[in-house]
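Here is the file input.txt (compact mmCIF, C-alpha atoms).
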# COMPACT_ATOMS: atom_id res chain seq x y z
CA MET A 106 0.00 0.00 0.00
CA PHE A 107 2.84 2.34 0.95
CA ARG A 108 4.69 1.54 -2.29
CA LYS A 109 1.54 1.99 -4.38
CA ASN A 110 0.96 5.45 -2.86
CA ASN A 111 4.54 6.41 -3.60
CA LEU A 112 4.16 5.22 -7.19
CA TYR A 113 1.02 7.34 -7.68
CA ARG A 114 2.83 10.30 -6.19
CA ILE A 115 5.78 9.89 -8.56
CA ILE A 116 3.40 9.63 -11.53
CA ALA A 117 1.62 12.78 -10.32
CA ASP A 118 4.98 14.58 -10.02
CA ILE A 119 5.96 13.63 -13.58
CA PHE A 120 2.55 14.64 -14.89
CA LEU A 121 2.74 18.00 -13.12
CA ILE A 122 6.23 18.71 -14.51
CA LEU A 123 4.96 17.99 -18.03
CA SER A 124 1.87 20.12 -17.46
CA ILE A 125 4.07 23.07 -16.46
CA PHE A 126 5.75 22.92 -19.87
CA LEU A 127 2.81 21.89 -22.04
CA LEU A 128 -0.39 23.25 -20.50
CA PRO A 129 -1.53 26.79 -19.65
CA SER A 130 -0.33 27.91 -16.24
CA TYR A 131 -3.85 28.24 -14.81
CA ILE A 132 -4.39 24.52 -15.53
CA SER A 133 -1.03 23.63 -13.98
CA ILE A 134 -1.78 25.56 -10.79
CA THR A 135 -5.22 23.91 -10.58
CA LEU A 136 -3.61 20.46 -10.93
CA ILE A 137 -1.10 21.42 -8.23
CA PHE A 138 -3.98 22.38 -5.92
CA VAL A 139 -5.80 19.10 -6.61
CA SER A 140 -2.59 17.12 -5.95
CA VAL A 141 -2.08 18.94 -2.65
CA LEU A 142 -5.56 17.84 -1.58
CA ILE A 143 -5.18 14.25 -2.75
CA PHE A 144 -1.71 13.45 -1.44
CA ASN A 145 -0.49 13.69 2.09
CA ASN A 146 2.07 16.45 2.74
CA PHE A 147 2.53 17.27 -0.97
CA ILE A 148 5.30 19.77 -0.32
CA GLU A 149 6.76 19.42 -3.83
CA SER A 150 3.83 21.66 -4.89
CA ILE A 151 5.92 24.62 -3.68
CA PHE A 152 8.74 23.59 -6.00
CA PHE A 153 6.32 23.27 -8.93
CA GLY A 154 4.96 26.76 -8.25
CA PHE A 155 8.54 28.01 -8.18
CA MET A 156 9.18 26.30 -11.53
CA LEU A 157 6.24 28.15 -13.07
CA ASP A 158 7.72 31.43 -11.87
CA MET A 159 11.24 30.57 -13.05
CA LEU A 160 10.00 29.74 -16.54
CA TYR A 161 7.41 32.40 -17.18
CA SER A 162 7.74 35.26 -14.72
CA SER A 163 8.19 38.79 -16.02
CA GLY A 164 8.90 40.21 -12.58
CA ARG A 165 5.45 41.76 -12.48
CA ILE A 166 1.98 40.45 -11.86
CA PHE A 167 -1.22 42.52 -12.16
CA GLY A 168 0.99 45.60 -12.51
CA TYR A 169 2.92 45.07 -9.26
CA HIS A 170 6.58 44.09 -8.93
CA PHE A 171 6.38 40.51 -7.69
CA ALA A 172 8.25 37.70 -9.40
CA TYR A 173 7.09 34.76 -7.25
CA PHE A 174 3.32 34.77 -7.62
CA PHE A 175 2.88 31.03 -8.24
CA THR A 176 5.38 30.11 -5.52
CA PHE A 177 3.34 32.20 -3.10
CA ILE A 178 0.07 30.62 -4.27
CA SER A 179 1.55 27.12 -3.86
CA VAL A 180 2.67 27.89 -0.30
CA ILE A 181 -0.86 29.13 0.49
CA PHE A 182 -2.37 25.97 -1.05
CA TYR A 183 -0.02 23.79 0.97
CA ILE A 184 -0.87 25.52 4.25
CA ILE A 185 -4.64 25.62 3.76
CA SER A 186 -4.71 21.98 2.58
CA PHE A 187 -4.11 20.86 6.19
CA LYS A 188 -7.11 22.87 7.33
CA ILE A 189 -9.31 21.58 4.50
CA LYS A 190 -8.34 17.96 5.16
CA GLU A 191 -9.03 18.43 8.86
CA MET A 192 -12.46 19.88 8.15
CA VAL A 193 -13.27 17.05 5.76
CA ARG A 194 -12.11 14.46 8.30
CA VAL A 195 -14.23 16.02 11.08
CA SER A 196 -17.34 16.24 8.93
CA MET B 1192 -4.87 -8.74 33.93
CA ASN B 1193 -4.23 -5.49 32.08
CA PHE B 1194 -1.11 -5.06 30.06
CA HIS B 1195 0.20 -1.63 29.29
CA GLN B 1196 0.05 -1.35 25.49
CA ARG B 1197 2.84 0.28 23.60
CA ASN B 1198 1.70 3.63 22.27
CA ASN B 1199 2.74 3.46 18.60
CA ASN B 1200 1.11 6.82 17.85
CA PHE B 1201 3.85 8.64 19.72
CA LEU B 1202 6.55 7.02 17.56
CA ILE B 1203 4.73 7.87 14.30
CA ARG B 1204 4.39 11.50 15.35
CA GLU B 1205 8.13 11.71 16.00
CA ASN B 1206 8.89 10.22 12.55
CA GLY B 1207 6.31 12.53 10.96
CA LYS B 1208 8.12 15.59 12.36
CA LYS B 1209 11.46 14.40 10.98
CA ASN B 1210 9.84 13.76 7.57
CA HIS B 1211 8.34 17.30 7.57
CA ILE B 1212 11.73 18.85 8.24
CA PHE B 1213 13.36 16.67 5.58
CA TYR B 1214 10.77 17.66 2.95
CA ILE B 1215 11.04 21.37 3.77
CA VAL B 1216 14.84 21.23 3.57
CA ALA B 1217 14.65 19.32 0.26
CA VAL B 1218 12.27 21.89 -1.26
CA ILE B 1219 14.44 24.81 -0.09
CA PHE B 1220 17.49 23.04 -1.51
CA PHE B 1221 15.85 22.56 -4.92
CA ILE B 1222 14.62 26.17 -4.97
CA LEU B 1223 18.16 27.42 -4.25
CA ILE B 1224 19.65 25.10 -6.87
CA PHE B 1225 17.19 26.30 -9.52
CA SER B 1226 17.89 29.93 -8.70
CA LEU B 1227 21.42 29.51 -10.10
CA PRO B 1228 21.89 30.69 -13.73
CA TRP B 1229 23.25 27.39 -15.06
CA THR B 1230 20.36 25.34 -13.67
CA ARG B 1231 17.85 27.82 -15.08
CA ASN B 1232 19.65 27.46 -18.38
CA LEU B 1233 19.17 23.69 -18.05
CA LEU B 1234 15.47 24.15 -17.30
CA PHE B 1235 14.96 26.26 -20.44
CA SER B 1236 17.01 23.84 -22.54
CA ALA B 1237 14.85 20.97 -21.27
CA GLY B 1238 11.69 22.92 -22.03
CA SER B 1239 12.68 23.93 -25.56
CA PRO B 1240 12.03 20.54 -27.26
CA LEU B 1241 8.78 20.08 -25.30
CA TRP B 1242 7.50 23.49 -26.37
CA SER B 1243 8.48 22.82 -30.00
CA LEU B 1244 6.66 19.48 -29.90
CA LYS B 1245 3.55 21.10 -28.44
CA ASN B 1246 3.58 23.80 -31.13
CA SER B 1247 3.94 21.17 -33.88
CA ILE B 1248 0.97 19.20 -32.54
CA VAL B 1249 -1.19 22.34 -32.20
CA THR B 1250 -0.24 23.47 -35.73
CA PHE B 1251 -1.07 20.02 -37.15
CA PHE B 1252 -4.52 19.97 -35.60
CA SER B 1253 -5.35 23.60 -36.41
CA ASN B 1254 -4.34 23.06 -40.06
CA ASN B 1255 -6.45 19.94 -40.39
CA ILE B 1256 -9.49 20.87 -38.34
CA SER B 1257 -11.04 22.63 -41.36
CA VAL B 1258 -11.83 19.25 -42.97
CA LEU B 1259 -14.68 19.03 -40.44
CA ASP B 1260 -16.26 22.26 -41.71
CA SER B 1261 -19.23 22.13 -44.15
CA LYS B 1262 -18.71 22.65 -47.91
CA VAL B 1263 -21.03 25.67 -47.99
CA ASN B 1264 -19.11 27.44 -45.22
CA LEU B 1265 -15.81 26.67 -46.87
CA LEU B 1266 -17.00 28.05 -50.23
CA LYS B 1267 -18.23 31.24 -48.56
CA GLU B 1268 -14.98 31.66 -46.67
CA ASN B 1269 -13.01 30.99 -49.88
CA SER B 1270 -14.87 33.72 -51.75
CA ILE B 1271 -14.35 36.27 -48.94
CA LEU B 1272 -10.66 35.44 -48.73
CA LYS B 1273 -10.23 35.79 -52.53
CA GLN B 1274 -11.73 39.30 -52.42
CA GLN B 1275 -9.53 40.16 -49.47
CA THR B 1276 -6.43 38.87 -51.29
CA LEU B 1277 -7.18 41.07 -54.33
CA THR B 1278 -7.52 44.14 -52.10
CA ASP B 1279 -4.38 43.26 -50.17
CA ASN B 1280 -2.38 42.74 -53.39
CA ARG B 1281 -3.30 46.22 -54.60
CA GLU B 1282 -2.34 47.78 -51.27
CA GLN B 1283 0.83 45.72 -51.14
CA ALA B 1284 1.93 47.10 -54.52
CA LEU B 1285 1.42 50.67 -53.33
CA LEU B 1286 3.14 49.90 -50.02
CA GLY B 1287 6.14 48.48 -51.87
CA LEU B 1288 6.49 51.70 -53.85
CA LEU B 1289 6.23 53.85 -50.75
CA LYS B 1290 8.72 51.68 -48.89
CA LYS B 1291 11.24 51.94 -51.74
CA GLU B 1292 10.81 55.70 -51.86
CA ASN B 1293 11.30 55.90 -48.07
CA GLU B 1294 14.51 53.85 -48.22
CA ASP B 1295 15.86 55.90 -51.13
CA LEU B 1296 15.22 59.13 -49.25
CA LYS B 1297 16.91 57.77 -46.13
CA ASN B 1298 19.90 56.61 -48.18
CA ILE B 1299 20.23 60.13 -49.56
CA VAL B 1300 20.61 61.49 -46.00
CA ASN B 1301 22.76 58.46 -45.05
CA ARG B 1302 20.32 56.79 -42.61
CA SER B 1303 18.98 53.25 -43.06
CA ASN B 1304 16.10 51.40 -41.36
CA TYR B 1305 17.11 50.16 -37.92
CA GLY B 1306 20.84 50.04 -38.84
CA GLN B 1307 20.97 46.76 -36.97
CA LYS B 1308 20.72 43.09 -37.81
CA LEU B 1309 17.35 41.34 -37.53
CA LEU B 1310 17.26 37.75 -36.25
CA LEU B 1311 14.22 35.66 -37.06
CA SER B 1312 13.06 33.43 -34.21
CA THR B 1313 10.19 31.10 -33.41
CA VAL B 1314 7.88 31.81 -30.50
CA LEU B 1315 7.94 28.74 -28.25
CA VAL B 1316 5.62 30.02 -25.54
CA LYS B 1317 2.95 32.69 -25.81
CA PRO B 1318 0.94 34.47 -23.08
CA PHE B 1319 -1.87 31.89 -23.42
CA LEU B 1320 0.47 29.27 -22.00
CA SER B 1321 2.21 31.69 -19.66
CA ALA B 1322 0.25 33.63 -17.02
CA TYR B 1323 2.62 36.51 -17.35
CA ASP B 1324 2.76 38.59 -20.52
CA THR B 1325 5.99 37.01 -21.68
CA LEU B 1326 7.20 35.15 -24.74
CA ILE B 1327 9.91 32.52 -24.91
CA LEU B 1328 11.92 32.45 -28.13
CA ASP B 1329 14.15 29.75 -29.61
CA VAL B 1330 17.20 32.03 -29.92
CA GLY B 1331 19.69 32.85 -27.20
CA SER B 1332 23.24 33.92 -26.45
CA VAL B 1333 24.69 31.58 -29.11
CA ASN B 1334 22.80 33.65 -31.72
CA GLY B 1335 24.09 36.95 -30.35
CA VAL B 1336 20.98 37.90 -28.38
CA VAL B 1337 21.58 40.09 -25.33
CA VAL B 1338 19.34 41.53 -22.63
CA GLY B 1339 17.64 44.70 -23.84
CA ASN B 1340 17.35 43.78 -27.52
CA LYS B 1341 14.02 44.90 -28.93
CA VAL B 1342 11.61 42.43 -30.50
CA ILE B 1343 9.52 43.12 -33.61
CA ALA B 1344 6.51 41.30 -35.03
CA ASP B 1345 5.00 41.52 -38.53
CA GLY B 1346 8.06 43.35 -39.81
CA ASN B 1347 7.55 46.71 -38.15
CA THR B 1348 5.63 46.47 -34.86
CA PHE B 1349 7.66 46.66 -31.66
CA ILE B 1350 6.16 44.26 -29.15
CA GLY B 1351 8.71 43.88 -26.35
CA TYR B 1352 12.30 43.49 -25.23
CA ILE B 1353 14.57 40.65 -24.19
CA SER B 1354 14.68 40.33 -20.40
CA GLU B 1355 16.54 37.03 -19.88
CA VAL B 1356 18.95 35.23 -22.17
CA TYR B 1357 20.01 31.58 -21.99
CA ASP B 1358 22.13 29.50 -24.35
CA ASP B 1359 19.47 28.78 -26.96
CA THR B 1360 16.34 30.40 -25.57
CA SER B 1361 15.41 33.83 -24.34
CA LYS B 1362 12.50 35.46 -22.57
CA VAL B 1363 10.70 38.54 -23.87
CA ILE B 1364 8.67 40.92 -21.72
CA LEU B 1365 5.90 42.44 -23.79
CA TYR B 1366 5.37 46.19 -23.69
CA SER B 1367 1.70 45.42 -23.04
CA SER B 1368 2.51 43.59 -19.76
CA PRO B 1369 0.46 45.20 -16.97
CA GLY B 1370 2.49 48.04 -15.49
CA GLU B 1371 5.13 48.23 -18.24
CA GLN B 1372 5.84 51.76 -19.42
CA VAL B 1373 6.95 52.68 -22.94
CA LYS B 1374 7.47 56.04 -24.68
CA VAL B 1375 5.15 56.56 -27.67
CA LEU B 1376 4.24 59.33 -30.09
CA ILE B 1377 0.57 60.24 -30.15
CA GLY B 1378 -1.54 62.40 -32.41
CA ASN B 1379 -0.80 64.38 -35.56
CA ASN B 1380 1.81 66.45 -33.73
CA ASN B 1381 3.62 63.33 -32.47
CA VAL B 1382 3.39 64.26 -28.81
CA GLU B 1383 5.67 62.02 -26.76
CA LYS B 1384 3.94 60.37 -23.81
CA ASN B 1385 4.38 57.31 -21.58
CA ALA B 1386 1.98 54.50 -22.40
CA THR B 1387 1.17 51.90 -19.73
CA GLY B 1388 0.55 48.26 -20.58
CA LEU B 1389 -2.81 46.80 -19.55
CA GLY B 1390 -2.18 43.22 -20.67
CA GLY B 1391 -3.32 41.32 -23.74
CA GLY B 1392 -1.86 43.83 -26.24
CA ASN B 1393 -3.73 46.78 -24.71
CA PHE B 1394 -2.31 50.11 -23.59
CA SER B 1395 -3.45 53.36 -22.08
CA ALA B 1396 -1.90 56.82 -22.19
CA GLN B 1397 -2.99 60.07 -20.62
CA VAL B 1398 -2.66 63.08 -22.89
CA PRO B 1399 -3.86 66.69 -22.52
CA LYS B 1400 -7.33 67.29 -23.91
CA GLU B 1401 -5.95 69.80 -26.42
CA ILE B 1402 -4.07 67.05 -28.29
CA ASP B 1403 -5.95 66.10 -31.42
CA VAL B 1404 -6.39 62.32 -31.36
CA LYS B 1405 -9.30 60.19 -32.55
CA GLU B 1406 -10.27 56.53 -32.84
CA GLY B 1407 -8.35 54.74 -35.57
CA ASP B 1408 -5.23 56.93 -35.28
CA ASN B 1409 -1.84 55.25 -35.34
CA ILE B 1410 0.46 55.32 -32.31
CA VAL B 1411 4.17 54.97 -33.06
CA ILE B 1412 7.35 54.36 -31.12
CA PRO B 1413 10.18 56.89 -31.58
CA SER B 1414 12.36 55.17 -34.19
CA ILE B 1415 14.10 55.91 -37.49
CA SER B 1416 11.96 53.26 -39.18
CA ALA B 1417 8.26 53.57 -39.93
CA ASN B 1418 6.29 51.50 -37.45
CA VAL B 1419 2.79 51.12 -36.07
CA PHE B 1420 2.88 50.46 -32.34
CA GLY B 1421 -0.84 50.67 -31.75
CA ILE B 1422 -4.19 51.78 -33.07
CA VAL B 1423 -6.47 53.98 -30.96
CA GLU B 1424 -9.59 52.08 -29.94
CA LYS B 1425 -11.28 54.42 -27.50
CA ILE B 1426 -10.83 57.82 -25.90
CA GLU B 1427 -12.21 58.44 -22.45
CA TYR B 1428 -12.60 61.83 -20.83
CA LYS B 1429 -14.91 63.84 -18.63
CA GLU B 1430 -15.87 67.41 -19.46
CA THR B 1431 -14.29 68.60 -16.21
CA ASP B 1432 -10.97 66.79 -16.82
CA SER B 1433 -8.00 68.45 -18.45
CA TYR B 1434 -6.68 65.07 -19.59
CA GLN B 1435 -8.07 62.42 -21.88
CA ASN B 1436 -7.34 58.71 -21.50
CA VAL B 1437 -6.34 57.17 -24.83
CA LEU B 1438 -6.87 53.41 -25.01
CA PHE B 1439 -5.09 51.69 -27.85
CA LYS B 1440 -4.29 48.18 -28.95
CA SER B 1441 -1.34 46.58 -30.68
CA PRO B 1442 -2.14 45.61 -34.31
CA VAL B 1443 -0.38 42.30 -33.67
CA ASN B 1444 -2.42 39.41 -32.31
CA ILE B 1445 0.00 38.12 -29.67
CA SER B 1446 -1.87 34.85 -29.18
CA GLU B 1447 -1.37 33.98 -32.87
CA LEU B 1448 2.30 34.92 -33.08
CA LYS B 1449 4.53 32.24 -34.56
CA TRP B 1450 7.63 34.19 -35.55
CA VAL B 1451 9.22 37.41 -34.40
CA GLU B 1452 12.43 39.27 -35.18
CA VAL B 1453 15.01 40.29 -32.62
CA LEU B 1454 16.85 43.54 -33.26
CA LEU B 1455 20.45 42.62 -32.48
CA SER B 1456 22.86 45.24 -31.14
CA ASN B 1457 25.53 46.66 -33.41
CA LYS B 1458 28.99 45.28 -32.62
CA LYS B 1459 31.64 47.99 -32.96
Rewrite the structure of this file - the entire thing - as structure tokens.
Amino acid sequence: MFRKNNLYRIIADIFLILSIFLLPSYISITLIFVSVLIFNNFIESIFFGFMLDMLYSSGRIFGYHFAYFFTFISVIFYIISFKIKEMVRVS
Amino acid sequence: MNFHQRNNNFLIRENGKKNHIFYIVAVIFFILIFSLPWTRNLLFSAGSPLWSLKNSIVTFFSNNISVLDSKVNLLKENSILKQQTLTDNREQALLGLLKKENEDLKNIVNRSNYGQKLLLSTVLVKPFLSAYDTLILDVGSVNGVVVGNKVIADGNTFIGYISEVYDDTSKVILYSSPGEQVKVLIGNNNVEKNATGLGGGNFSAQVPKEIDVKEGDNIVIPSISANVFGIVEKIEYKETDSYQNVLFKSPVNISELKWVEVLLSNKK
């Protein structure tokens, strides 16, 4: 069971890396959010958000100087995923 | 008799904490590694063939999707396009004459268009794929591209500048990126003003109300060569304001860009 979970996680990681290169960034960030909810402690989501910024960032977002928008979003997703999972478990 | 049971939960919690710390350290390590220039270079080099493959697949499907359209629609479209081609051919002939005359006049006063080399490059990534208003091109430092080089589309429309250069790829920030400022000439008197990017090929510029500008006017960038930077779409103003807000759009459809030209610096 433990090995199967790890295998799914590795497949998800590979799929997310490919999505960062091949799919629009709003789809990639949505897939990252879904993966954070599905997998336990999916901290590599922060790295994937960082990859999106490294590849595509212009140093500005919505007119403000901020080069790490997707990294920031991924960190937020990661943190709130614990709360969401707790709420789902309680209900 | 009661036996004190070993509390395995306590052990799992301890291991869980160590795993958390390990994962956080691993992520920070990878982020630091990928902040280095040579690893970013590697990332772009790895992405280049994937982006090219994606573009080839998209081009294949978009070229062949028309076989699904009805015959009637295709005949109608064909007729419209033929008319359009005739009109364009006539205008092209006149444009060619004007262009030749312009170059001859510039040669007389010893100035040529741009005076710099143009490098044709393929657009690997467009803003549709990227959330930011950036392009990724398939040319880099091996082709002589440097940070700051201007990028042109459709032969004479400035669209952005090179912001990052890697071995065989480079990143372009579009002038229309939200917040980007660029100097333009507006109106019949060519008043120089700062235009601000609004995203998606759109710009806005505030000019005094006295400046004569109307919808459909061309906006140009200060340059020796003739260029059309934008076309005025709308002018907003209130009677009590002393300024008018000119909204204009780039004539280039960024989402359909396949090739652009990079204006390389002169080497002295």
Taking all atoms listed in the file into account, which residues of chain B are within 7 Å of chain A, as a compact mmCIF listing (two decimals) with C-alpha atoms, in the frame of the given file?
# COMPACT_ATOMS: atom_id res chain seq x y z
CA TYR B 1214 10.77 17.66 2.95
CA VAL B 1218 12.27 21.89 -1.26
CA ILE B 1222 14.62 26.17 -4.97
CA GLY B 1238 11.69 22.92 -22.03
CA LEU B 1241 8.78 20.08 -25.30
CA TRP B 1242 7.50 23.49 -26.37
CA LYS B 1245 3.55 21.10 -28.44
CA PHE B 1319 -1.87 31.89 -23.42
CA LEU B 1320 0.47 29.27 -22.00
CA SER B 1321 2.21 31.69 -19.66
CA ALA B 1322 0.25 33.63 -17.02
CA TYR B 1323 2.62 36.51 -17.35
CA THR B 1325 5.99 37.01 -21.68
CA ILE B 1364 8.67 40.92 -21.72
CA PRO B 1369 0.46 45.20 -16.97
CA GLY B 1370 2.49 48.04 -15.49
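Relative to atom CA of B:Asp1358, atom CA of B:Ala1217 is found at 27.7 Å.
Going from atom CA of B:Ser1456 over to atom CA of B:Asn1334, you cover 11.6 Å.
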(request) Could you give me, as an NGL selection string, the residues within 7 Å of stretch 1437-1441 of chain B, counting all atoms listed in the file and dropping anything in the same chain fewer than 5 positions from it? (result) :B and (1392-1397 or 1420-1427)
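Atom CA of B:Glu1355 lies 15.9 Å from atom CA of A:Tyr173.
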(request) Take the point (-1.3, 16.9, -10.7) as written in the file and pick out every residue within 6 Å of it, counting all atoms listed in the file; give the list as a ChimeraX atom specification. (result) /A:117,121,136-137,140
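Using all atoms listed in the file, the shortest contact distance between A:Ile189 and any of A:Phe171, A:Ile119, A:Phe177, A:Val139 is found at A:Val139.
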(request) Take the point (10.0, 33.4, -33.6) as written in the file and pick out every residue within 12 Å of it, counting all atoms listed in the file; give the list as a VMD selection string. (result) chain B and resid 1243 1246 1309 to 1317 1326 to 1331 1342 to 1346 1360 to 1363 1445 1447 to 1453
(request) For A:Ser186, work out the shell of residues within 9 Å, counting all atoms listed in the file and skipping chain neighbours fewer than 4 positions away, then give it as JSON, numbers by chain. (result) {"A": [138, 141, 142, 146, 181, 182, 190, 191]}
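Non-sequential neighbours of B:Ser1433 (distance at most 9 Å, separation of 6 or more positions within a chain, all atoms listed in the file) are Val1398, Pro1399, Lys1400 and Glu1401 of chain B.
Of the residues under consideration (B:Leu1454, B:Lys1267, B:Trp1229, B:Leu1296), B:Leu1454 shows the shortest atom-to-atom contact distance to B:Ile1353 when counting all atoms listed in the file.
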